[in-house]
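> Handing you this structure, nothing more for now.
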Amino acid sequence: MASPRYTVLAGTAAIALLAVTGCAGAGGGSSSGGGKSVNVLMVNNPQMLDLQKLTAEHFTKETGIKVNYTVLPENDVRDKISQEFSSQAGTYDVASISNFEAPIYGKNGWLSPLDKTVAGRSDFAQIDVLKPIQEGLKGEDGKLYAEPFYGESSFLMYRKDVFKEKGLTMPAHPTWQQVADLAAKVDGAQPGMKGICLRGQPGWGQVFAPLTTVVNTFGGTWFTKDWQAKVNAPEFEAATKFYVDLVRKHGEAGAPQAGFTECLNGFQQSKTAMWYDATSAAGSVESKGSPVAGKVGYVAAPVEKTKSSGWLYSWAWAIQKASKHQDNAAKFIAWASSKEYEELVGKQLGWERVPAGKRASTYTNPAYQKAAGAFYQATEDAINSADPRNPGVQPRPTVGVQFVDIPEFPDLGTKVSQEVSSAIAGRTSVSAALDKGQKLAEDVAAKHR
């Protein structure tokens, strides 16, 4: 959501088809490796790109299994995964899905349970996987349908050096109004620097990932417990207007098309002084090649009416039920989600780049604590404080902090996000955008009442 996404590789807006081991990487099915291969479809986040770099030399060398990666931007990969798994095409064996899709896909019979094939392995240490992350990847039947590659919540990142120069102090638990006031004060602190980066790119997992957390803490909700749509309710509108106004006044250039990768690049290039987004972004921000490493502070997600507001999300590996390479797929996941893989990343690429947020042992590892000292505690606190069952001020009909866990939400969230993005671009008003969204939400609600 979230989330992440490295400076050199993550800035492209076009679909990037990347491959390892000399493969085309465009998902060519079993023809690209026969029985000793596995086809993986995944998001183009930095952690995945690290995985891609390390696969041939380690996993393939150890197992003889060739991995054919197809790597796409977040919105594109979601669409492709949905099409692939709903049709059970069998082109891809493994895909990166989230705690949103796992229960739904599992219920639909599109995934192979991992309880015995991966979780049951004595060397995998399933007990080490953080419970909130693990529970989100189970279906209604209690079966585990995905293994986390990394988990995340959200927090606010800010330039400590810029704040010091301006004589400003960032509260450990800021309110959104305090953030808006600070954004105005640091806007222009350096040439070309804006106050804050907030996603504006259309997509239920793009602009509405952070925006829904703002809606929650402002007292709003997509639906009430009895399935009444509340998209144009006063609280939802107040939150959205606040968000749109803040990004229009003090946000990044090109905000209507800025997603995670654009905000990451802009923040690393000193184009913004603050950034509210996924905790998993910190690994990229603090990586050895990052221009802002060591200059960034991390505080809790801003609030208004709630005690906390960070989301809870994980990018995880799932096996398509139609896969003809079930055993190879399970071996890949057991490696990619393992404690041993984290240690490999730490030793070869730097501990700050470990795909964290999923294992308790990560946060007690001295090497990780040292490398991730700037953000590991803030990340762990954010994950532990997220409450997907009670993220706002009123009861909800389903679980989810930054999403509503129903099959209709991707379409609903994306359509409403297009209207909100249009408001950020100044082509429509927030009120008009949400009135359109309300009609769409009412149609969805009627199906569930």
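Following the order of the structure tokens, first chain is A, next is B, and so on, with residues numbered from 1 inside each chain and ligands from 1 in the order they appear.
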Which residues, written as a compact mmCIF listing (two decimals) with N, CA and C atoms, in the first residue's frame, have at least one atom at most 9 Å from range 337-350 of chain A, with only C-alpha atoms counted and residues fewer than 2 positions away on the same chain left out?

```txt
# COMPACT_ATOMS: atom_id res chain seq x y z
N ASP A 50 14.79 -6.10 -4.43
CA ASP A 50 15.93 -6.73 -3.75
C ASP A 50 15.84 -8.25 -3.87
N LEU A 51 14.64 -8.76 -3.66
CA LEU A 51 14.42 -10.20 -3.78
C LEU A 51 14.82 -10.69 -5.17
N LEU A 54 18.52 -11.12 -5.61
CA LEU A 54 19.18 -12.16 -4.83
C LEU A 54 18.75 -13.58 -5.20
N ASP A 123 11.42 -25.70 9.64
CA ASP A 123 12.46 -24.67 9.50
C ASP A 123 11.89 -23.29 9.18
N PHE A 124 10.58 -23.18 9.04
CA PHE A 124 9.99 -21.90 8.67
C PHE A 124 9.65 -21.04 9.90
N ALA A 125 9.39 -21.67 11.02
CA ALA A 125 9.08 -20.95 12.27
C ALA A 125 7.86 -20.03 12.12
N ASP A 128 6.91 -17.46 14.73
CA ASP A 128 7.65 -16.19 14.77
C ASP A 128 6.93 -15.07 14.03
N GLU A 147 1.60 -15.99 2.97
CA GLU A 147 2.67 -15.75 3.94
C GLU A 147 3.22 -14.35 3.70
N PRO A 148 3.40 -13.56 4.75
CA PRO A 148 3.85 -12.17 4.58
C PRO A 148 5.29 -12.08 4.12
N PHE A 149 5.53 -11.19 3.17
CA PHE A 149 6.89 -10.85 2.78
C PHE A 149 7.36 -9.69 3.65
N TYR A 150 6.48 -8.72 3.84
CA TYR A 150 6.72 -7.71 4.85
C TYR A 150 5.39 -7.10 5.28
N SER A 287 18.32 3.82 3.48
CA SER A 287 19.29 2.97 2.80
C SER A 287 20.58 3.73 2.53
N LYS A 288 21.66 3.00 2.33
CA LYS A 288 22.98 3.64 2.18
C LYS A 288 23.05 4.61 0.99
N ALA A 316 2.08 -10.05 0.73
CA ALA A 316 2.29 -11.45 1.06
C ALA A 316 2.28 -12.31 -0.20
N TRP A 317 2.79 -13.52 -0.05
CA TRP A 317 2.87 -14.46 -1.17
C TRP A 317 1.75 -15.48 -1.10
N PHE A 332 9.52 -21.65 -2.91
CA PHE A 332 9.88 -20.25 -3.12
C PHE A 332 9.37 -19.40 -1.97
N ILE A 333 8.11 -19.58 -1.58
CA ILE A 333 7.54 -18.78 -0.49
C ILE A 333 8.26 -19.07 0.83
N ALA A 334 8.54 -20.33 1.07
CA ALA A 334 9.23 -20.70 2.32
C ALA A 334 10.60 -20.03 2.41
N TRP A 335 11.22 -19.78 1.27
CA TRP A 335 12.50 -19.07 1.24
C TRP A 335 12.30 -17.55 1.34
N GLU A 352 19.00 -2.28 7.15
CA GLU A 352 17.88 -1.34 7.05
C GLU A 352 16.94 -1.69 5.90
N ARG A 353 17.40 -2.56 4.99
CA ARG A 353 16.58 -2.93 3.84
C ARG A 353 15.87 -4.27 4.01
N VAL A 354 15.96 -4.84 5.18
CA VAL A 354 15.27 -6.10 5.46
C VAL A 354 13.76 -5.91 5.31
N PRO A 355 13.07 -6.85 4.64
CA PRO A 355 11.61 -6.77 4.55
C PRO A 355 10.98 -7.10 5.90
N ALA A 356 10.87 -6.11 6.73
CA ALA A 356 10.49 -6.30 8.13
C ALA A 356 8.97 -6.22 8.33
N LYS A 358 7.08 -8.39 9.89
CA LYS A 358 6.35 -9.65 9.87
C LYS A 358 6.81 -10.65 10.93
N ARG A 359 8.04 -10.54 11.40
CA ARG A 359 8.57 -11.51 12.35
C ARG A 359 9.01 -10.83 13.65
N SER A 361 11.20 -11.90 15.69
CA SER A 361 12.65 -12.01 15.84
C SER A 361 13.40 -10.86 15.18
N THR A 362 12.78 -10.24 14.16
CA THR A 362 13.43 -9.12 13.49
C THR A 362 13.69 -7.99 14.47
N ALA A 367 21.54 -6.62 15.14
CA ALA A 367 22.03 -6.05 13.89
C ALA A 367 20.95 -5.19 13.24
N TYR A 368 19.70 -5.67 13.28
CA TYR A 368 18.61 -4.90 12.71
C TYR A 368 18.33 -3.66 13.55
N ALA A 371 20.95 -1.01 12.68
CA ALA A 371 20.80 -0.40 11.35
C ALA A 371 19.51 0.38 11.21
```
> Record the distance separating CA of Ala102 in chain A and CA of Gly136 in chain A, expressed in Å with one decimal.
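These atoms are spaced 7.8 Å apart.
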> With distances taken over only C-alpha atoms, which residue among A:Val416, A:Leu312, A:Ile406, A:Ala336 lies nearest Leu130 in chain A?
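Among the listed residues, the smallest separation from Leu130 in chain A belongs to A:Leu312.
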> Identify, on the basis of only C-alpha atoms, every residue whose closest approach to Val444 in chain A does not exceed 10 Å; exclude the query and any residue fewer than 5 positions from it along the same chain; express the result as a PDB file with C-alpha atoms, in the first residue's frame.

```pdb
ATOM      1  CA  PHE A 223     -20.182   2.337   5.815  1.00  0.00           C
ATOM      2  CA  TRP A 227     -24.432  -0.960   5.835  1.00  0.00           C
ATOM      3  CA  GLN A 228     -25.469   2.636   5.439  1.00  0.00           C
ATOM      4  CA  ALA A 229     -23.180   4.478   3.017  1.00  0.00           C
ATOM      5  CA  ILE A 406     -15.442  -6.706   0.606  1.00  0.00           C
ATOM      6  CA  PRO A 407     -14.986  -7.765  -3.039  1.00  0.00           C
ATOM      7  CA  GLU A 408     -16.639  -4.580  -4.300  1.00  0.00           C
ATOM      8  CA  PHE A 409     -14.225  -2.217  -2.589  1.00  0.00           C
ATOM      9  CA  LEU A 412     -15.720   1.408  -5.478  1.00  0.00           C
ATOM     10  CA  GLN A 438     -22.066   8.292  -2.243  1.00  0.00           C
ATOM     11  CA  LYS A 439     -24.248   6.998  -5.062  1.00  0.00           C
ATOM     12  CA  ARG A 449     -27.957  -5.165   3.801  1.00  0.00           C
TER      13      ARG A 449
END
```
> As a ChimeraX atom specification, please: the residues near Glu286 in chain A (cut-off 9 Å, only C-alpha atoms, same-chain neighbours under 5 positions excluded).
/A:281,291-296,352-353,371-372,374-375
> Excluding Ser323 in chain A and residues on its chain fewer than 5 positions from it, collect all residues at most 10 Å away from it, counting only C-alpha atoms, and give them as a PDB file with N, CA and C atoms, in the first residue's frame.

```pdb
ATOM      1  N   GLY A  29       4.527 -18.348 -18.474  1.00  0.00           N
ATOM      2  CA  GLY A  29       4.034 -19.658 -18.123  1.00  0.00           C
ATOM      3  C   GLY A  29       5.138 -20.692 -18.043  1.00  0.00           C
ATOM      4  N   SER A  30       4.729 -21.967 -18.148  1.00  0.00           N
ATOM      5  CA  SER A  30       5.666 -23.064 -17.943  1.00  0.00           C
ATOM      6  C   SER A  30       6.711 -23.182 -19.040  1.00  0.00           C
ATOM      7  N   VAL A  38       9.268 -21.478 -11.438  1.00  0.00           N
ATOM      8  CA  VAL A  38       8.090 -20.907 -10.794  1.00  0.00           C
ATOM      9  C   VAL A  38       7.919 -19.499 -11.333  1.00  0.00           C
ATOM     10  N   ASN A  39       6.711 -19.150 -11.727  1.00  0.00           N
ATOM     11  CA  ASN A  39       6.404 -17.833 -12.284  1.00  0.00           C
ATOM     12  C   ASN A  39       5.787 -16.963 -11.206  1.00  0.00           C
ATOM     13  N   GLN A  88      -8.374 -18.242 -12.905  1.00  0.00           N
ATOM     14  CA  GLN A  88      -7.557 -19.435 -12.648  1.00  0.00           C
ATOM     15  C   GLN A  88      -6.813 -19.854 -13.918  1.00  0.00           C
ATOM     16  N   ALA A  89      -6.167 -18.863 -14.515  1.00  0.00           N
ATOM     17  CA  ALA A  89      -5.455 -19.105 -15.767  1.00  0.00           C
ATOM     18  C   ALA A  89      -4.243 -19.994 -15.590  1.00  0.00           C
ATOM     19  N   GLY A  90      -3.637 -19.953 -14.418  1.00  0.00           N
ATOM     20  CA  GLY A  90      -2.483 -20.796 -14.155  1.00  0.00           C
ATOM     21  C   GLY A  90      -1.184 -20.304 -14.762  1.00  0.00           C
ATOM     22  N   THR A  91      -1.192 -19.103 -15.324  1.00  0.00           N
ATOM     23  CA  THR A  91       0.032 -18.553 -15.914  1.00  0.00           C
ATOM     24  C   THR A  91       1.072 -18.281 -14.844  1.00  0.00           C
ATOM     25  N   TYR A  92       0.612 -17.765 -13.703  1.00  0.00           N
ATOM     26  CA  TYR A  92       1.511 -17.459 -12.595  1.00  0.00           C
ATOM     27  C   TYR A  92       1.255 -18.418 -11.457  1.00  0.00           C
ATOM     28  N   ASP A  93       2.332 -18.857 -10.838  1.00  0.00           N
ATOM     29  CA  ASP A  93       2.221 -19.772  -9.710  1.00  0.00           C
ATOM     30  C   ASP A  93       2.040 -19.015  -8.401  1.00  0.00           C
ATOM     31  N   VAL A  94       2.786 -17.917  -8.280  1.00  0.00           N
ATOM     32  CA  VAL A  94       2.797 -17.127  -7.050  1.00  0.00           C
ATOM     33  C   VAL A  94       2.545 -15.670  -7.386  1.00  0.00           C
ATOM     34  N   LEU A 111      -6.974 -19.864  -4.093  1.00  0.00           N
ATOM     35  CA  LEU A 111      -5.654 -20.011  -3.495  1.00  0.00           C
ATOM     36  C   LEU A 111      -5.455 -21.391  -2.890  1.00  0.00           C
ATOM     37  N   SER A 112      -4.224 -21.816  -2.838  1.00  0.00           N
ATOM     38  CA  SER A 112      -3.866 -23.062  -2.169  1.00  0.00           C
ATOM     39  C   SER A 112      -3.504 -22.743  -0.724  1.00  0.00           C
ATOM     40  N   ASN A 328       7.141 -26.305  -6.130  1.00  0.00           N
ATOM     41  CA  ASN A 328       8.141 -25.266  -6.379  1.00  0.00           C
ATOM     42  C   ASN A 328       7.701 -23.935  -5.795  1.00  0.00           C
ATOM     43  N   ALA A 329       6.397 -23.630  -5.947  1.00  0.00           N
ATOM     44  CA  ALA A 329       5.856 -22.378  -5.426  1.00  0.00           C
ATOM     45  C   ALA A 329       5.975 -22.324  -3.912  1.00  0.00           C
TER      46      ALA A 329
END
```
> Would you kindly return, as a list in words, each protein, DNA or RNA residue with an atom no farther than 6 Å from any atom of range 239-249 of chain A, considering only C-alpha atoms and excluding same-chain residues fewer than 2 positions away?
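Surrounding residues, per the criterion: Val214, Val215, Phe218, Phe236, Glu237, Gly251 and Ile424 of chain A.
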> Could you tell me which of A:His448, A:Gly297, A:Ser429, A:Thr217 comes closest to Pro391 in chain A if we count only C-alpha atoms?
A:Thr217
> For range 254-258 of chain A, work out the shell of residues within 9 Å, counting only C-alpha atoms and skipping chain neighbours fewer than 5 positions away, then give it as a PyMOL selection string.
chain A and resi 197-202+206-207+247-248+263+420-425
> What is the CA of Lys185 in chain A to CA of Gly266 in chain A distance in Å?
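Answer for the CA of Lys185 in chain A to CA of Gly266 in chain A separation: 18.5 Å.
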> Which residue, A:Ala322, A:Leu168, A:Val404, A:Ala282, has the smallest gap to Tyr376 in chain A when you use only C-alpha atoms?
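Looking only at the distances to Tyr376 in chain A, the closest residue turns out to be A:Ala282.
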> Mind giving me the straight-line distance from CA of Gly203 in chain A to CA of Ile81 in chain A in Å, one decimal?
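About the pair CA of Gly203 in chain A and CA of Ile81 in chain A: they are 15.1 Å apart.
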> Please extract the residues of range 171-351 of chain A with a backbone DSSP assignment of strand (DSSP E or B) and present them as a list in words.
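These are the residues in question: Thr175, Lys194, Cys197, Phe223, Ala229, Thr272, Met274, Trp275, Tyr276, Asp277, Ala278, Val296, Gly297, Tyr298, Val299, Ala300, Val303, Tyr313, Ser314, Trp315, Ala316, Trp317, Ala318, Ile319 and Gln320 of chain A.
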> When distances are computed from only C-alpha atoms, which of A:Val285, A:Val401, A:Pro113, A:Lys321 shows the smallest separation from Gly220 in chain A?
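So, comparing all the options, the nearest one is A:Val401.
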> Output as a short mmCIF file (atom, residue, chain, number, x, y, z; two decimals) with N, CA and C atoms, in the first residue's frame all residues of range 9-220 of chain A that backbone DSSP marks as alpha helix (DSSP H).

```cif
data_model
loop_
_atom_site.label_atom_id
_atom_site.label_comp_id
_atom_site.auth_asym_id
_atom_site.auth_seq_id
_atom_site.Cartn_x
_atom_site.Cartn_y
_atom_site.Cartn_z
N LEU A 9 15.20 2.67 -9.21
CA LEU A 9 14.33 1.74 -9.90
C LEU A 9 12.86 2.02 -9.75
N ALA A 10 12.47 2.83 -8.76
CA ALA A 10 11.05 2.94 -8.46
C ALA A 10 10.37 4.15 -9.05
N PRO A 46 10.58 -1.70 -3.54
CA PRO A 46 12.01 -1.93 -3.34
C PRO A 46 12.35 -3.30 -2.75
N GLN A 47 11.54 -3.74 -1.78
CA GLN A 47 11.84 -5.04 -1.17
C GLN A 47 11.75 -6.17 -2.19
N MET A 48 10.77 -6.06 -3.11
CA MET A 48 10.64 -7.09 -4.14
C MET A 48 11.80 -7.03 -5.14
N LEU A 49 12.24 -5.82 -5.43
CA LEU A 49 13.36 -5.68 -6.36
C LEU A 49 14.64 -6.23 -5.74
N ASP A 50 14.79 -6.10 -4.43
CA ASP A 50 15.93 -6.73 -3.75
C ASP A 50 15.84 -8.25 -3.87
N LEU A 51 14.64 -8.76 -3.66
CA LEU A 51 14.42 -10.20 -3.78
C LEU A 51 14.82 -10.69 -5.17
N GLN A 52 14.43 -9.93 -6.16
CA GLN A 52 14.71 -10.28 -7.54
C GLN A 52 16.22 -10.38 -7.78
N LYS A 53 16.97 -9.45 -7.19
CA LYS A 53 18.42 -9.44 -7.36
C LYS A 53 19.09 -10.64 -6.71
N LEU A 54 18.52 -11.12 -5.61
CA LEU A 54 19.18 -12.16 -4.83
C LEU A 54 18.75 -13.58 -5.20
N THR A 55 17.72 -13.70 -5.99
CA THR A 55 17.11 -15.01 -6.24
C THR A 55 18.04 -16.00 -6.94
N LYS A 61 20.26 -21.31 -7.08
CA LYS A 61 21.50 -22.08 -6.93
C LYS A 61 21.32 -23.22 -5.93
N GLU A 62 20.52 -22.96 -4.88
CA GLU A 62 20.33 -23.98 -3.83
C GLU A 62 19.30 -25.03 -4.21
N THR A 63 18.28 -24.64 -4.97
CA THR A 63 17.17 -25.56 -5.26
C THR A 63 17.11 -26.03 -6.70
N GLU A 74 1.93 -0.78 -8.70
CA GLU A 74 0.89 -1.26 -7.80
C GLU A 74 -0.49 -1.39 -8.45
N ASN A 75 -0.99 -0.34 -9.06
CA ASN A 75 -2.32 -0.42 -9.67
C ASN A 75 -2.38 -1.48 -10.76
N ASP A 76 -1.33 -1.56 -11.57
CA ASP A 76 -1.31 -2.52 -12.67
C ASP A 76 -1.24 -3.95 -12.16
N VAL A 77 -0.43 -4.17 -11.14
CA VAL A 77 -0.29 -5.54 -10.64
C VAL A 77 -1.58 -6.01 -9.98
N ARG A 78 -2.27 -5.10 -9.30
CA ARG A 78 -3.55 -5.49 -8.68
C ARG A 78 -4.54 -5.96 -9.75
N ASP A 79 -4.63 -5.20 -10.83
CA ASP A 79 -5.55 -5.56 -11.91
C ASP A 79 -5.18 -6.91 -12.52
N LYS A 80 -3.89 -7.09 -12.76
CA LYS A 80 -3.44 -8.32 -13.41
C LYS A 80 -3.63 -9.53 -12.51
N ILE A 81 -3.35 -9.37 -11.23
CA ILE A 81 -3.53 -10.47 -10.28
C ILE A 81 -5.01 -10.84 -10.18
N SER A 82 -5.86 -9.83 -10.13
CA SER A 82 -7.30 -10.08 -10.05
C SER A 82 -7.79 -10.87 -11.26
N GLN A 83 -7.36 -10.46 -12.44
CA GLN A 83 -7.76 -11.15 -13.66
C GLN A 83 -7.21 -12.58 -13.68
N GLU A 84 -5.94 -12.72 -13.31
CA GLU A 84 -5.28 -14.01 -13.35
C GLU A 84 -5.91 -15.01 -12.38
N PHE A 85 -6.13 -14.59 -11.15
CA PHE A 85 -6.61 -15.51 -10.14
C PHE A 85 -8.11 -15.79 -10.27
N SER A 86 -8.88 -14.80 -10.66
CA SER A 86 -10.32 -15.02 -10.83
C SER A 86 -10.60 -15.98 -11.98
N SER A 87 -9.77 -15.95 -12.99
CA SER A 87 -9.93 -16.84 -14.14
C SER A 87 -9.22 -18.17 -13.94
N GLU A 101 -6.84 -9.03 -0.11
CA GLU A 101 -7.25 -10.07 -1.05
C GLU A 101 -7.26 -11.47 -0.44
N ALA A 102 -6.34 -11.77 0.48
CA ALA A 102 -6.18 -13.14 0.95
C ALA A 102 -7.48 -13.79 1.44
N PRO A 103 -8.24 -13.16 2.34
CA PRO A 103 -9.48 -13.81 2.80
C PRO A 103 -10.51 -13.97 1.68
N ILE A 104 -10.60 -12.98 0.80
CA ILE A 104 -11.59 -13.02 -0.29
C ILE A 104 -11.21 -14.08 -1.31
N TYR A 105 -9.95 -14.08 -1.73
CA TYR A 105 -9.49 -15.06 -2.72
C TYR A 105 -9.58 -16.47 -2.15
N GLY A 106 -9.26 -16.61 -0.86
CA GLY A 106 -9.35 -17.92 -0.23
C GLY A 106 -10.78 -18.44 -0.22
N LYS A 107 -11.72 -17.57 0.11
CA LYS A 107 -13.13 -17.94 0.13
C LYS A 107 -13.62 -18.35 -1.25
N LYS A 131 1.37 -11.97 15.07
CA LYS A 131 -0.02 -12.43 15.06
C LYS A 131 -0.96 -11.51 14.28
N PRO A 132 -0.89 -10.16 14.45
CA PRO A 132 -1.81 -9.30 13.69
C PRO A 132 -1.64 -9.46 12.18
N ILE A 133 -0.40 -9.64 11.75
CA ILE A 133 -0.13 -9.83 10.32
C ILE A 133 -0.63 -11.19 9.86
N GLN A 134 -0.34 -12.22 10.64
CA GLN A 134 -0.73 -13.58 10.29
C GLN A 134 -2.24 -13.74 10.23
N GLU A 135 -2.94 -13.17 11.19
CA GLU A 135 -4.40 -13.32 11.24
C GLU A 135 -5.07 -12.68 10.03
N LYS A 160 14.47 16.15 9.99
CA LYS A 160 14.90 16.73 11.25
C LYS A 160 15.78 17.95 11.05
N ASP A 161 16.64 17.91 10.04
CA ASP A 161 17.55 19.03 9.81
C ASP A 161 16.80 20.28 9.38
N VAL A 162 15.79 20.11 8.56
CA VAL A 162 14.99 21.24 8.10
C VAL A 162 14.20 21.84 9.27
N PHE A 163 13.62 20.98 10.08
CA PHE A 163 12.85 21.46 11.24
C PHE A 163 13.76 22.21 12.22
N LYS A 164 14.98 21.70 12.40
CA LYS A 164 15.91 22.36 13.31
C LYS A 164 16.30 23.74 12.81
N GLU A 165 16.55 23.83 11.51
CA GLU A 165 16.91 25.11 10.90
C GLU A 165 15.79 26.14 11.04
N TRP A 176 -3.58 16.24 12.98
CA TRP A 176 -3.50 16.65 11.58
C TRP A 176 -3.43 18.17 11.44
N GLN A 177 -4.05 18.90 12.35
CA GLN A 177 -3.97 20.35 12.28
C GLN A 177 -2.55 20.82 12.55
N GLN A 178 -1.86 20.17 13.48
CA GLN A 178 -0.47 20.51 13.74
C GLN A 178 0.39 20.23 12.50
N VAL A 179 0.10 19.13 11.82
CA VAL A 179 0.85 18.79 10.61
C VAL A 179 0.62 19.85 9.53
N ALA A 180 -0.63 20.27 9.38
CA ALA A 180 -0.94 21.30 8.38
C ALA A 180 -0.21 22.61 8.70
N ASP A 181 -0.18 22.97 9.99
CA ASP A 181 0.51 24.20 10.40
C ASP A 181 2.01 24.09 10.13
N LEU A 182 2.58 22.93 10.41
CA LEU A 182 4.01 22.72 10.17
C LEU A 182 4.32 22.70 8.67
N ALA A 183 3.41 22.13 7.89
CA ALA A 183 3.62 22.09 6.44
C ALA A 183 3.73 23.50 5.87
N ALA A 184 2.92 24.40 6.39
CA ALA A 184 2.95 25.78 5.92
C ALA A 184 4.28 26.46 6.28
N LYS A 185 4.82 26.10 7.43
CA LYS A 185 6.05 26.73 7.90
C LYS A 185 7.31 26.20 7.21
N VAL A 186 7.28 24.95 6.78
CA VAL A 186 8.47 24.39 6.12
C VAL A 186 8.37 24.43 4.60
N PHE A 208 -6.41 6.50 -1.51
CA PHE A 208 -7.29 6.15 -0.40
C PHE A 208 -6.62 5.34 0.69
N ALA A 209 -5.38 4.91 0.50
CA ALA A 209 -4.68 4.27 1.61
C ALA A 209 -4.46 5.29 2.74
N PRO A 210 -3.77 6.40 2.47
CA PRO A 210 -3.63 7.40 3.53
C PRO A 210 -4.92 8.15 3.82
N LEU A 211 -5.69 8.46 2.78
CA LEU A 211 -6.88 9.28 2.98
C LEU A 211 -7.91 8.59 3.87
N THR A 212 -8.10 7.29 3.73
CA THR A 212 -9.07 6.61 4.58
C THR A 212 -8.67 6.66 6.04
N THR A 213 -7.36 6.66 6.33
CA THR A 213 -6.95 6.80 7.73
C THR A 213 -7.30 8.18 8.26
N VAL A 214 -7.25 9.18 7.38
CA VAL A 214 -7.65 10.53 7.78
C VAL A 214 -9.16 10.56 8.02
N VAL A 215 -9.90 9.93 7.14
CA VAL A 215 -11.35 9.84 7.31
C VAL A 215 -11.69 9.18 8.64
N ASN A 216 -11.02 8.07 8.95
CA ASN A 216 -11.29 7.36 10.21
C ASN A 216 -11.10 8.26 11.42
N THR A 217 -9.95 8.94 11.46
CA THR A 217 -9.65 9.73 12.65
C THR A 217 -10.44 11.03 12.72
#
```
> Return the single residue from A:Met274, A:Ala360, A:Leu440, A:Ala446 that is closest to Val231 in chain A, with distances computed using only C-alpha atoms.
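Using only C-alpha atoms, the shortest distance to Val231 in chain A belongs to A:Leu440.
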